[in-house]
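Source file: upload19.cif (mmCIF, C-alpha atoms)
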```cif
data_run
loop_
_atom_site.label_atom_id
_atom_site.label_comp_id
_atom_site.auth_asym_id
_atom_site.auth_seq_id
_atom_site.Cartn_x
_atom_site.Cartn_y
_atom_site.Cartn_z
CA MET H 1 87.83 78.68 41.31
CA THR H 2 87.23 75.18 42.72
CA SER H 3 89.63 73.71 45.25
CA THR H 4 90.93 71.10 42.79
CA ARG H 5 91.51 73.73 40.13
CA ARG H 6 93.32 75.93 42.66
CA VAL H 7 95.58 73.02 43.58
CA LYS H 8 96.43 72.32 39.94
CA THR H 9 97.01 76.01 39.19
CA ALA H 10 99.26 76.46 42.21
CA VAL H 11 101.44 73.41 41.61
CA ALA H 12 101.67 74.15 37.88
CA ALA H 13 102.88 77.69 38.62
CA ALA H 14 105.34 76.36 41.20
CA GLY H 15 106.60 73.83 38.66
CA ILE H 16 107.07 76.49 36.00
CA SER H 17 109.05 78.67 38.41
CA SER H 18 111.17 75.85 39.83
CA PHE H 19 112.10 74.23 36.53
CA ALA H 20 112.67 77.49 34.68
CA LEU H 21 115.15 78.53 37.38
CA LEU H 22 116.78 75.12 37.75
CA TYR H 23 117.71 74.75 34.08
CA ALA H 24 118.10 78.41 33.09
CA PRO H 25 121.90 78.11 32.56
CA GLN H 26 121.57 75.17 30.15
CA PRO H 27 121.12 77.18 26.91
CA VAL H 28 124.03 79.50 27.79
CA LEU H 29 126.55 76.76 28.63
CA PRO H 30 128.58 77.54 25.47
CA GLN H 31 128.76 81.21 26.53
CA LEU H 32 129.84 80.24 30.05
CA ALA H 33 132.46 77.91 28.58
CA ALA H 34 133.81 80.70 26.35
CA GLN H 35 133.95 83.31 29.12
CA TYR H 36 135.56 81.10 31.75
CA HIS H 37 137.65 78.92 29.38
CA LEU H 38 135.86 75.68 30.27
CA ASP H 39 135.30 72.41 28.44
CA PRO H 40 131.69 71.16 28.07
CA GLY H 41 131.99 69.08 31.26
CA GLY H 42 133.17 72.08 33.29
CA ALA H 43 130.43 74.34 31.94
CA ALA H 44 127.80 71.68 32.66
CA LEU H 45 128.60 72.02 36.36
CA ALA H 46 126.40 75.14 36.31
CA VAL H 47 123.49 72.72 35.90
CA SER H 48 124.83 69.66 37.72
CA VAL H 49 125.81 71.47 40.93
CA ALA H 50 122.23 72.69 41.39
CA THR H 51 120.61 69.36 40.61
CA GLY H 52 123.13 67.53 42.79
CA ALA H 53 122.43 69.82 45.75
CA LEU H 54 118.72 69.30 45.14
CA ALA H 55 119.20 65.52 45.23
CA ILE H 56 121.06 65.72 48.54
CA ALA H 57 118.58 68.12 50.16
CA VAL H 58 115.32 66.60 49.04
CA LEU H 59 115.09 63.77 51.60
CA PRO H 60 115.74 65.95 54.68
CA ILE H 61 113.26 68.51 53.35
CA ALA H 62 110.66 65.79 52.67
CA ALA H 63 111.14 64.57 56.24
CA LEU H 64 110.72 68.14 57.50
CA SER H 65 107.42 68.40 55.61
CA GLU H 66 106.11 65.48 57.68
CA VAL H 67 106.52 67.66 60.77
CA ILE H 68 105.63 71.21 59.66
CA GLY H 69 103.32 70.41 56.72
CA ARG H 70 103.68 70.41 52.93
CA ARG H 71 102.37 73.90 52.14
CA PRO H 72 104.96 75.89 54.17
CA VAL H 73 107.75 73.90 52.54
CA ILE H 74 106.41 74.51 49.01
CA LEU H 75 105.95 78.25 49.57
CA THR H 76 109.41 78.67 51.13
CA SER H 77 110.89 76.76 48.21
CA VAL H 78 109.41 78.88 45.43
CA LEU H 79 110.20 82.18 47.15
CA ALA H 80 113.78 81.35 48.14
CA SER H 81 114.65 79.94 44.71
CA VAL H 82 113.54 83.20 43.07
CA VAL H 83 115.71 85.27 45.44
CA PHE H 84 118.76 83.16 44.56
CA GLY H 85 117.84 83.45 40.88
CA LEU H 86 117.92 87.25 41.10
CA LEU H 87 121.31 87.17 42.82
CA LEU H 88 122.87 84.66 40.43
CA PRO H 89 123.81 87.06 37.59
CA LEU H 90 125.60 89.30 40.10
CA MET H 91 128.21 86.67 40.99
CA PRO H 92 131.71 87.93 40.00
CA THR H 93 133.42 84.54 39.43
CA TYR H 94 132.50 81.08 38.21
CA PRO H 95 133.19 79.40 41.60
CA ALA H 96 130.89 81.97 43.27
CA LEU H 97 128.23 81.24 40.67
CA LEU H 98 128.51 77.51 41.41
CA VAL H 99 128.13 78.09 45.16
CA LEU H 100 124.96 80.11 44.62
CA ARG H 101 123.64 77.49 42.20
CA ALA H 102 124.10 74.87 44.93
CA LEU H 103 122.10 77.03 47.35
CA GLN H 104 119.42 77.52 44.72
CA GLY H 105 119.24 73.76 44.19
CA ILE H 106 118.65 73.26 47.92
CA ALA H 107 115.90 75.88 47.86
CA ILE H 108 114.20 74.33 44.82
CA ALA H 109 114.23 70.89 46.49
CA GLY H 110 111.23 71.82 48.61
CA PHE H 111 108.82 71.75 45.69
CA PRO H 112 109.50 68.55 43.74
CA GLY H 113 110.26 66.60 46.91
CA VAL H 114 106.94 67.44 48.54
CA ALA H 115 104.50 68.16 45.71
CA ALA H 116 103.44 64.56 44.94
CA ALA H 117 102.77 63.84 48.64
CA TYR H 118 100.81 67.12 48.91
CA LEU H 119 98.67 66.13 45.92
CA ALA H 120 98.06 62.62 47.26
CA GLU H 121 96.89 63.99 50.61
CA ARG H 122 94.84 66.81 49.15
CA LEU H 123 93.15 64.92 46.29
CA GLY H 124 93.30 61.28 47.38
CA ARG H 125 94.53 58.19 45.54
CA ALA H 126 91.91 58.45 42.79
CA GLY H 127 92.78 62.02 41.83
CA VAL H 128 96.55 61.93 42.23
CA ALA H 129 97.38 60.42 38.80
CA ALA H 130 95.71 63.20 36.82
CA ALA H 131 97.07 65.86 39.17
CA VAL H 132 100.62 64.52 38.92
CA GLY H 133 100.27 64.58 35.13
CA ALA H 134 99.14 68.22 35.29
CA MET H 135 102.03 69.04 37.63
CA ILE H 136 104.59 67.46 35.32
CA ALA H 137 103.02 69.29 32.37
CA GLY H 138 103.63 72.52 34.31
CA ASN H 139 107.18 71.41 35.04
CA THR H 140 107.67 70.80 31.33
CA VAL H 141 106.35 74.22 30.39
CA GLY H 142 108.68 75.74 32.99
CA GLY H 143 111.68 73.92 31.62
CA MET H 144 110.86 75.01 28.09
CA LEU H 145 109.99 78.60 29.01
CA GLY H 146 113.11 79.07 31.11
CA ARG H 147 115.40 77.66 28.45
CA LEU H 148 113.81 79.64 25.62
CA SER H 149 113.85 82.87 27.65
CA SER H 150 117.50 82.31 28.49
CA GLY H 151 118.50 81.30 24.96
CA PHE H 152 116.81 84.22 23.23
CA SER H 153 117.93 86.79 25.80
CA ALA H 154 121.57 85.73 25.73
CA GLY H 155 122.21 87.39 22.36
CA PRO H 156 121.16 90.98 23.19
CA LEU H 157 121.63 90.83 26.99
CA GLY H 158 124.46 88.36 27.53
CA TRP H 159 124.22 85.33 29.78
CA ARG H 160 123.84 87.48 32.92
CA GLY H 161 120.88 89.37 31.47
CA ALA H 162 119.39 86.09 30.31
CA LEU H 163 119.44 84.72 33.86
CA PHE H 164 117.77 87.91 35.13
CA VAL H 165 114.96 87.43 32.61
CA VAL H 166 114.32 83.87 33.81
CA ALA H 167 114.35 85.03 37.45
CA GLY H 168 111.62 87.52 36.55
CA VAL H 169 109.50 84.72 35.07
CA GLY H 170 110.02 82.74 38.27
CA ALA H 171 108.97 85.69 40.43
CA VAL H 172 105.62 86.02 38.62
CA CYS H 173 104.89 82.29 38.90
CA SER H 174 105.86 82.09 42.56
CA ALA H 175 103.45 84.92 43.34
CA ILE H 176 100.65 82.90 41.70
CA THR H 177 101.55 79.90 43.88
CA VAL H 178 101.52 81.95 47.07
CA VAL H 179 98.05 83.31 46.27
CA THR H 180 96.39 80.10 45.06
CA LEU H 181 97.93 77.14 46.98
CA PRO H 182 95.29 75.77 49.40
CA PRO H 183 96.30 74.43 52.83
CA GLY H 184 97.28 70.77 52.96
CA THR H 185 96.40 68.26 55.64
CA ARG H 186 97.61 69.03 59.13
CA PRO H 187 101.06 67.73 60.07
CA ARG H 188 100.92 64.44 61.93
CA GLY H 189 101.50 64.77 65.63
CA ASP H 190 103.45 61.50 65.71
CA ALA H 191 105.86 62.50 62.97
CA GLN H 192 108.94 62.17 65.13
CA LEU H 193 112.36 61.07 63.94
CA ARG H 194 111.63 57.37 64.53
CA ALA H 195 108.42 57.52 62.49
CA VAL H 196 110.17 59.34 59.65
CA ALA H 197 113.01 56.80 59.65
CA LYS H 198 110.51 53.92 59.61
CA GLY H 199 108.79 55.49 56.62
CA LEU H 200 112.13 55.74 54.80
CA VAL H 201 112.78 52.03 55.38
CA THR H 202 109.33 51.30 53.97
CA ALA H 203 110.06 53.49 50.94
CA LEU H 204 113.16 51.37 50.23
CA SER H 205 111.60 47.95 50.80
CA LYS H 206 109.13 47.55 47.92
CA PRO H 207 110.57 46.32 44.59
CA VAL H 208 107.92 48.21 42.63
CA LEU H 209 109.11 51.47 44.18
CA LEU H 210 112.79 50.61 43.64
CA ALA H 211 111.98 50.16 39.95
CA GLN H 212 110.54 53.68 39.77
CA TYR H 213 113.65 55.10 41.46
CA ALA H 214 115.78 53.33 38.84
CA VAL H 215 113.72 54.96 36.07
CA ALA H 216 114.13 58.36 37.71
CA LEU H 217 117.91 57.94 38.01
CA LEU H 218 118.72 56.50 34.60
CA ALA H 219 116.12 58.16 32.38
CA MET H 220 116.66 61.63 33.83
CA GLY H 221 120.43 61.20 33.58
CA SER H 222 120.02 60.32 29.91
CA PHE H 223 117.69 63.22 29.22
CA VAL H 224 119.82 65.91 30.85
CA ALA H 225 123.01 64.51 29.31
CA LEU H 226 121.51 64.96 25.85
CA TYR H 227 120.26 68.47 26.50
CA ASN H 228 123.48 69.59 28.20
CA ALA H 229 125.39 68.62 25.06
CA ALA H 230 122.73 69.85 22.63
CA GLY H 231 123.88 73.47 22.66
CA PHE H 232 127.45 72.50 21.84
CA ARG H 233 126.36 70.14 19.05
CA LEU H 234 123.96 72.60 17.45
CA THR H 235 126.28 75.63 17.60
CA GLY H 236 129.40 73.71 16.59
CA ASP H 237 130.50 72.05 13.35
CA PRO H 238 128.85 70.99 11.10
CA LEU H 239 125.46 72.50 12.07
CA ASN H 240 126.80 75.94 13.18
CA LEU H 241 123.54 77.47 14.41
CA SER H 242 123.38 80.72 16.35
CA PRO H 243 122.65 80.43 20.11
CA ALA H 244 119.14 81.85 19.66
CA ILE H 245 118.27 79.43 16.87
CA ALA H 246 119.88 76.53 18.73
CA SER H 247 117.72 77.28 21.77
CA LEU H 248 114.65 76.48 19.65
CA VAL H 249 115.44 72.84 20.33
CA PHE H 250 113.81 73.41 23.71
CA LEU H 251 110.47 73.83 21.94
CA ALA H 252 110.52 70.04 21.97
CA TYR H 253 109.42 70.39 25.59
CA ALA H 254 105.96 71.20 24.27
CA THR H 255 105.62 67.56 23.23
CA GLY H 256 106.58 66.56 26.76
CA SER H 257 103.83 68.73 28.19
CA VAL H 258 101.28 66.91 26.04
CA SER H 259 102.63 63.41 26.65
CA SER H 260 102.92 63.81 30.43
CA ALA H 261 99.34 65.03 30.68
CA ALA H 262 98.17 62.14 28.46
CA ALA H 263 100.16 59.47 30.32
CA GLY H 264 97.17 58.57 32.49
CA ARG H 265 95.13 57.61 29.42
CA LEU H 266 98.02 55.52 28.11
CA VAL H 267 98.21 53.65 31.43
CA ALA H 268 94.46 53.01 31.34
CA ARG H 269 94.82 51.40 27.90
CA VAL H 270 97.93 49.24 28.23
CA GLY H 271 98.80 49.21 31.93
CA ARG H 272 101.62 50.90 33.81
CA ARG H 273 104.28 48.28 33.06
CA ARG H 274 103.87 48.26 29.29
CA ALA H 275 103.43 52.03 29.12
CA LEU H 276 106.61 52.68 31.10
CA ILE H 277 108.83 50.17 29.29
CA GLY H 278 107.51 51.34 25.92
CA ALA H 279 108.20 54.99 26.75
CA LEU H 280 111.77 54.20 27.82
CA LEU H 281 112.49 52.28 24.61
CA LEU H 282 110.98 55.09 22.53
CA THR H 283 113.26 57.57 24.32
CA ALA H 284 116.27 55.50 23.24
CA ALA H 285 114.95 55.37 19.66
CA GLY H 286 114.56 59.15 19.61
CA ALA H 287 118.14 59.58 20.83
CA ALA H 288 119.36 57.30 18.02
CA LEU H 289 117.58 59.51 15.46
CA THR H 290 119.93 62.39 16.33
CA LEU H 291 123.06 60.50 15.21
CA PRO H 292 123.28 61.76 11.57
CA ASP H 293 124.60 65.28 10.96
CA SER H 294 121.22 66.28 9.55
CA LEU H 295 119.34 69.11 11.22
CA PRO H 296 115.85 67.71 10.39
CA LEU H 297 116.78 64.33 11.90
CA VAL H 298 118.32 65.93 14.98
CA ILE H 299 115.15 67.96 15.51
CA ALA H 300 112.93 64.91 14.96
CA GLY H 301 115.03 62.92 17.41
CA PHE H 302 114.71 65.52 20.15
CA LEU H 303 110.96 65.73 19.59
CA VAL H 304 110.59 61.96 19.96
CA LEU H 305 112.92 61.51 22.93
CA THR H 306 111.42 64.46 24.81
CA CYS H 307 107.84 63.28 24.28
CA ALA H 308 108.72 59.74 25.36
CA PHE H 309 110.85 60.76 28.34
CA PHE H 310 108.14 62.89 29.91
CA ALA H 311 105.57 60.13 29.39
CA ALA H 312 107.92 57.73 31.21
CA HIS H 313 108.50 60.23 34.01
CA ALA H 314 104.77 60.86 34.46
CA VAL H 315 104.01 57.13 34.65
CA ALA H 316 106.87 56.39 37.05
CA ASN H 317 106.18 59.38 39.31
CA GLY H 318 102.45 58.66 39.44
CA TRP H 319 103.13 54.96 40.06
CA ALA H 320 105.42 55.76 42.98
CA ALA H 321 102.91 58.21 44.48
CA ALA H 322 99.97 55.81 44.11
CA ASP H 323 101.83 52.81 45.59
CA ALA H 324 103.43 54.74 48.44
CA PRO H 325 102.25 53.48 51.86
CA GLU H 326 100.32 56.07 53.84
CA ASN H 327 103.05 56.32 56.47
CA ALA H 328 105.76 56.90 53.86
CA ARG H 329 104.29 59.22 51.23
CA GLY H 330 106.76 61.99 51.93
CA GLN H 331 109.70 59.58 51.99
CA VAL H 332 108.67 57.91 48.72
CA GLY H 333 108.27 61.29 47.06
CA GLY H 334 111.63 62.32 48.47
CA MET H 335 113.37 59.17 47.27
CA TYR H 336 111.91 59.49 43.77
CA THR H 337 112.96 63.12 43.57
CA ALA H 338 116.41 62.43 45.03
CA THR H 339 117.16 59.74 42.47
CA TYR H 340 115.67 61.88 39.69
CA TYR H 341 117.99 64.79 40.40
CA LEU H 342 120.95 62.59 41.24
CA GLY H 343 120.50 61.28 37.71
CA SER H 344 120.31 64.84 36.41
CA SER H 345 123.49 65.84 38.24
CA VAL H 346 125.69 62.79 37.66
CA GLY H 347 124.26 61.79 34.30
CA GLY H 348 124.25 65.35 33.00
CA ALA H 349 127.87 65.95 33.95
CA ALA H 350 129.02 62.52 32.76
CA GLY H 351 127.21 62.92 29.47
CA ALA H 352 128.79 66.32 28.83
CA TRP H 353 132.20 64.82 29.62
CA VAL H 354 131.60 61.92 27.20
CA TYR H 355 130.52 64.35 24.49
CA GLY H 356 133.51 66.64 25.07
CA HIS H 357 136.03 63.78 24.92
CA ALA H 358 134.46 61.23 22.56
CA GLY H 359 131.74 62.97 20.55
CA TRP H 360 128.01 62.64 19.98
CA PRO H 361 127.88 58.97 18.83
CA TRP H 362 129.49 57.76 22.06
CA LEU H 363 127.10 59.91 24.09
CA ILE H 364 124.15 58.26 22.31
CA ALA H 365 125.62 54.81 23.03
CA VAL H 366 125.95 55.59 26.74
CA VAL H 367 122.44 57.04 26.94
CA ALA H 368 120.93 54.03 25.16
CA MET H 369 122.60 51.71 27.68
CA TRP H 370 121.17 53.68 30.61
CA LEU H 371 117.66 53.61 29.15
CA LEU H 372 117.81 49.86 28.50
CA LEU H 373 118.91 49.31 32.11
CA ALA H 374 115.92 51.37 33.29
CA ALA H 375 113.55 49.28 31.18
CA ALA H 376 115.09 46.09 32.58
CA ALA H 377 114.62 47.39 36.14
CA VAL H 378 110.92 47.96 35.44
CA GLY H 379 110.58 44.51 33.92
CA VAL H 380 112.15 42.83 36.96
CA GLY H 381 110.91 45.07 39.76
CA THR H 382 107.25 45.15 38.75
CA ARG H 383 106.92 41.49 37.79
CA VAL H 384 103.89 39.84 39.43
CA PRO H 385 105.00 36.77 41.45
CA VAL H 386 103.69 33.43 40.15
CA GLN H 387 101.64 32.73 43.27
CA ARG H 388 99.94 36.11 43.13
CA ARG H 389 99.26 35.79 39.38
CA GLU H 390 97.62 32.41 39.93
CA LEU H 391 95.39 33.88 42.63
CA VAL H 392 94.41 36.77 40.35
CA ASN H 393 93.59 34.37 37.49
CA ALA H 394 91.58 32.12 39.84
CA GLY H 395 89.61 35.14 41.04
#
```

Go ahead and render the structure in this file as structure tokens.
Amino acid sequence: MTSTRRVKTAVAAAGISSFALLYAPQPVLPQLAAQYHLDPGGAALAVSVATGALAIAVLPIAALSEVIGRRPVILTSVLASVVFGLLLPLMPTYPALLVLRALQGIAIAGFPGVAAAYLAERLGRAGVAAAVGAMIAGNTVGGMLGRLSSGFSAGPLGWRGALFVVAGVGAVCSAITVVTLPPGTRPRGDAQLRAVAKGLVTALSKPVLLAQYAVALLAMGSFVALYNAAGFRLTGDPLNLSPAIASLVFLAYATGSVSSAAAGRLVARVGRRRALIGALLLTAAGAALTLPDSLPLVIAGFLVLTCAFFAAHAVANGWAAADAPENARGQVGGMYTATYYLGSSVGGAAGAWVYGHAGWPWLIAVVAMWLLLAAAAVGVGTRVPVQRRELVNAG
């Protein structure tokens, strides 16, 4: 196996493990709500607590990777998250489950916060776009596999058994990562606290990077809000599907795997700016398709919004990695990941609350507003200044 193929295999396996574990409770939120007498917003904390802890932990862990190296952080992340996943079904109370989910979120933070910087260093600027697309495709497969495994296992095994099944999937994938992940570049000897802080300032000073963080925050919040509420909508009136059948909605992730891997070709055709804004608007259109109480339209809407969201994420993540200054790669990756999972945590919980108190149409209205704001941020933050445009045209 070539070095590049080993890198892609390792990060894909790590992505499958991390994302399967992170979102494993999502299909069983209705079962958690029934057992612990929770509303949709309270049940959604099983997802939001983990993603919120991830968002908080990712920057310190990214800074740590500047000192000790990317590979040790990635390996520790995938192994620790599996251990917490195996312990999770053993928790006797809902508060205990939430505490362990927070710890699992911290453990998972080591992979998404460091992976893009690892790929940029290992493969160089030219190879990072395709590798990031492959990584996100693996993340997408992980999200789909974890949710489907959990949804189909919940019927015969209950929600605790379902979480055990997903932890087993994560254990297999983490073992593949441990065996195949090549060493990264050596840690920089000058990566002291001052250098790390300077890199963080740099990561926050470029408008083009701020635009990508806005996409991560708002688009991911929209996406998770929709999927957190999906189980309640599909199993409730008037659709009334069984939990196993309702979990088939996560097959839509297969479209995300294809679109994220193909995002590089889309960028080559129309440019990053048009590709990203177009993907965000298409995500909003897909969400609007789910408004009627028609199962075919709901399914079509989730297919469209999932495909478009992952294309937007791949473009934004690759854009941030490619434009990150050399002295701030880890910090840029950390900032993108922090805003991505902050969106997942806050947006996911807020969306479930809106659905629980106002219904699906209001949730779609809120999500559409978030996506339009993200598109506006891209339009403003990536605009070429007049002076620069004139120089480019003159050249």

Which of H:Trp370, H:Tyr253, H:Tyr213, H:Tyr118 sits closest to H:Glu66 [using only C-alpha atoms]: H:Tyr118

Kindly assemble as JSON lines a list of the stretch 149-234 of chain H residues that lie within 12 Å of stretch 314-324 of chain H, each paired with its nearest atom pair and their distance in Å to one decimal, using all atoms listed in the file, sorted first by chain and then by ascending residue number.
```
{"residue": "H:Gly199", "atom": "CA", "partner": "H:Ala324", "partner_atom": "CA", "distance": 9.8}
{"residue": "H:Leu200", "atom": "CA", "partner": "H:Ala324", "partner_atom": "CA", "distance": 10.8}
{"residue": "H:Val201", "atom": "CA", "partner": "H:Ala324", "partner_atom": "CA", "distance": 12.0}
{"residue": "H:Thr202", "atom": "CA", "partner": "H:Ala324", "partner_atom": "CA", "distance": 8.8}
{"residue": "H:Ala203", "atom": "CA", "partner": "H:Ala324", "partner_atom": "CA", "distance": 7.2}
{"residue": "H:Leu204", "atom": "CA", "partner": "H:Ala324", "partner_atom": "CA", "distance": 10.5}
{"residue": "H:Ser205", "atom": "CA", "partner": "H:Ala324", "partner_atom": "CA", "distance": 10.9}
{"residue": "H:Lys206", "atom": "CA", "partner": "H:Ala324", "partner_atom": "CA", "distance": 9.2}
{"residue": "H:Pro207", "atom": "CA", "partner": "H:Ala320", "partner_atom": "CA", "distance": 10.9}
{"residue": "H:Val208", "atom": "CA", "partner": "H:Ala320", "partner_atom": "CA", "distance": 8.0}
{"residue": "H:Leu209", "atom": "CA", "partner": "H:Ala320", "partner_atom": "CA", "distance": 5.8}
{"residue": "H:Leu210", "atom": "CA", "partner": "H:Ala320", "partner_atom": "CA", "distance": 9.0}
{"residue": "H:Ala211", "atom": "CA", "partner": "H:Ala316", "partner_atom": "CA", "distance": 8.6}
{"residue": "H:Gln212", "atom": "CA", "partner": "H:Ala316", "partner_atom": "CA", "distance": 5.3}
{"residue": "H:Tyr213", "atom": "CA", "partner": "H:Ala316", "partner_atom": "CA", "distance": 8.2}
{"residue": "H:Ala214", "atom": "CA", "partner": "H:Ala316", "partner_atom": "CA", "distance": 9.6}
{"residue": "H:Val215", "atom": "CA", "partner": "H:Ala316", "partner_atom": "CA", "distance": 7.1}
{"residue": "H:Ala216", "atom": "CA", "partner": "H:Ala316", "partner_atom": "CA", "distance": 7.6}
{"residue": "H:Leu217", "atom": "CA", "partner": "H:Ala316", "partner_atom": "CA", "distance": 11.2}
{"residue": "H:Ala219", "atom": "CA", "partner": "H:Ala316", "partner_atom": "CA", "distance": 10.5}
{"residue": "H:Met220", "atom": "CA", "partner": "H:Ala316", "partner_atom": "CA", "distance": 11.6}
```

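With the shown file loaded, the PyMOL selection byres ((chain H and resi 310) around 9) picks out Ile136, Ala137, Thr140, Tyr253, Thr255, Gly256, Ser257, Val258, Ser259, Ser260, Ala263, Ala279, Leu305, Thr306, Cys307, Ala308, Phe309, Ala311, Ala312, His313, Ala314 and Val315 of chain H.
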
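Separating atom CA of H:Gly278 from atom CA of H:Phe250 is a distance of 23.1 Å.
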
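Summary of the local environment: counting all atoms listed in the file, residues at most 10 Å from H:Pro27, other than itself and those fewer than 5 positions away along its chain, are H:Leu32, H:Gly146, H:Arg147, H:Leu148, H:Ser149, H:Ser150, H:Gly151, H:Phe152, H:Ala154, H:Trp159, H:Ala162, H:Tyr227, H:Asn228, H:Ala229, H:Ala230, H:Gly231, H:Phe232, H:Pro243, H:Ala244, H:Ala246, H:Ser247, H:Leu248, H:Val249, H:Phe250.
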
d(atom CA of H:Pro30, atom CA of H:Asp237) in Å: 13.4 Å

Length of the atom CA of H:Ala352 to atom CA of H:Ala44 vector [Å]: 6.7 Å

Of the listed residues H:Ala34, H:Val47, H:Ala375, H:Ala57, that which approaches H:Thr337 most closely, counting all atoms listed in the file: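 So, comparing all the options, the nearest one is H:Ala57.
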
Test item: which residues lie within 12 Å of (121.1, 60.5, 24.7) counting all atoms listed in the file, as a ChimeraX atom specification: /H:218-230,280-291,298,301-302,304-306,309,347-348,350-352,354-355,359-372

Best match for closeness to H:Gly155 among H:Ala12, H:Ser242, H:Pro89, H:Leu22, counting only C-alpha atoms: H:Ser242

Which residue of H:Leu373, H:Ala252, H:Leu103, H:Ala349 approaches H:Val83 most closely, using only C-alpha atoms: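 Going through H:Leu373, H:Ala252, H:Leu103, H:Ala349 one by one, the smallest distance to H:Val83 is for H:Leu103.
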
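Residue nearest H:Gln26, chosen from H:Ala63, H:Ala96, H:Val346, H:Val166 and counting all atoms listed in the file: H:Val166.
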
Point (111.4, 78.8, 39.7) neighbourhood (9 Å, only C-alpha atoms) written as number ranges by chain: H: 13-22, 77-79, 81-82, 85, 108, 142, 146, 166-167, 169-171, 173-174

Selected residue of minimal separation from H:Leu119 among H:Arg71, H:Arg269, H:Arg101, H:Arg233, counting all atoms listed in the file: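 When distances to H:Leu119 are compared using all atoms listed in the file, the smallest one comes from H:Arg71.
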
First collect every listed atom of stretch 18-28 of chain H; then fit an axis-aligned box around them, widen it by 8 Å on each side, and give centre and edge lengths in Å to one decimal, as JSON.
```
{"center_x": 117.6, "center_y": 76.9, "center_z": 33.4, "size_x": 28.9, "size_y": 21.3, "size_z": 28.9}
```

Residue members of the PyMOL selection byres ((chain H and resi 52) around 9) in the file shown, as a ChimeraX atom specification: /H:47-51,53-57,102,105-106,338,341-346

Resolved residues for the PyMOL selection byres ((chain H and resi 10) around 7) as a list in words: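 That expression, the PyMOL selection byres ((chain H and resi 10) around 7), corresponds here to Arg6, Val7, Lys8, Thr9, Val11, Ala12, Ala13, Ala14, Ile176, Thr177, Thr180 and Leu181 of chain H.
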
Atoms are missing here; could stretch 241-245 of chain H be completed with all heavy atoms and written as a PDB file, keeping the file's coordinate frame?
```
ATOM      1  N   LEU H 241     124.673  76.579  14.185  1.00  0.00           N
ATOM      2  CA  LEU H 241     123.540  77.470  14.410  1.00  0.00           C
ATOM      3  C   LEU H 241     123.912  78.555  15.403  1.00  0.00           C
ATOM      4  O   LEU H 241     124.823  78.399  16.222  1.00  0.00           O
ATOM      5  CB  LEU H 241     122.349  76.662  14.964  1.00  0.00           C
ATOM      6  CG  LEU H 241     121.826  75.505  14.106  1.00  0.00           C
ATOM      7  CD1 LEU H 241     120.673  74.818  14.813  1.00  0.00           C
ATOM      8  CD2 LEU H 241     121.395  76.001  12.731  1.00  0.00           C
ATOM      9  N   SER H 242     123.191  79.676  15.356  1.00  0.00           N
ATOM     10  CA  SER H 242     123.380  80.720  16.350  1.00  0.00           C
ATOM     11  C   SER H 242     122.780  80.260  17.684  1.00  0.00           C
ATOM     12  O   SER H 242     121.909  79.383  17.705  1.00  0.00           O
ATOM     13  CB  SER H 242     122.702  82.012  15.906  1.00  0.00           C
ATOM     14  OG  SER H 242     121.289  81.857  15.942  1.00  0.00           O
ATOM     15  N   PRO H 243     123.221  80.847  18.821  1.00  0.00           N
ATOM     16  CA  PRO H 243     122.650  80.430  20.110  1.00  0.00           C
ATOM     17  C   PRO H 243     121.137  80.564  20.178  1.00  0.00           C
ATOM     18  O   PRO H 243     120.453  79.706  20.740  1.00  0.00           O
ATOM     19  CB  PRO H 243     123.352  81.354  21.110  1.00  0.00           C
ATOM     20  CG  PRO H 243     124.653  81.691  20.468  1.00  0.00           C
ATOM     21  CD  PRO H 243     124.355  81.777  18.997  1.00  0.00           C
ATOM     22  N   ALA H 244     120.591  81.653  19.610  1.00  0.00           N
ATOM     23  CA  ALA H 244     119.140  81.850  19.660  1.00  0.00           C
ATOM     24  C   ALA H 244     118.416  80.771  18.862  1.00  0.00           C
ATOM     25  O   ALA H 244     117.414  80.204  19.323  1.00  0.00           O
ATOM     26  CB  ALA H 244     118.775  83.233  19.124  1.00  0.00           C
ATOM     27  N   ILE H 245     118.910  80.470  17.686  1.00  0.00           N
ATOM     28  CA  ILE H 245     118.270  79.430  16.870  1.00  0.00           C
ATOM     29  C   ILE H 245     118.454  78.060  17.513  1.00  0.00           C
ATOM     30  O   ILE H 245     117.529  77.238  17.541  1.00  0.00           O
ATOM     31  CB  ILE H 245     118.842  79.434  15.437  1.00  0.00           C
ATOM     32  CG1 ILE H 245     118.546  80.783  14.762  1.00  0.00           C
ATOM     33  CG2 ILE H 245     118.241  78.299  14.621  1.00  0.00           C
ATOM     34  CD1 ILE H 245     117.080  81.123  14.661  1.00  0.00           C
TER      35      ILE H 245
END
```
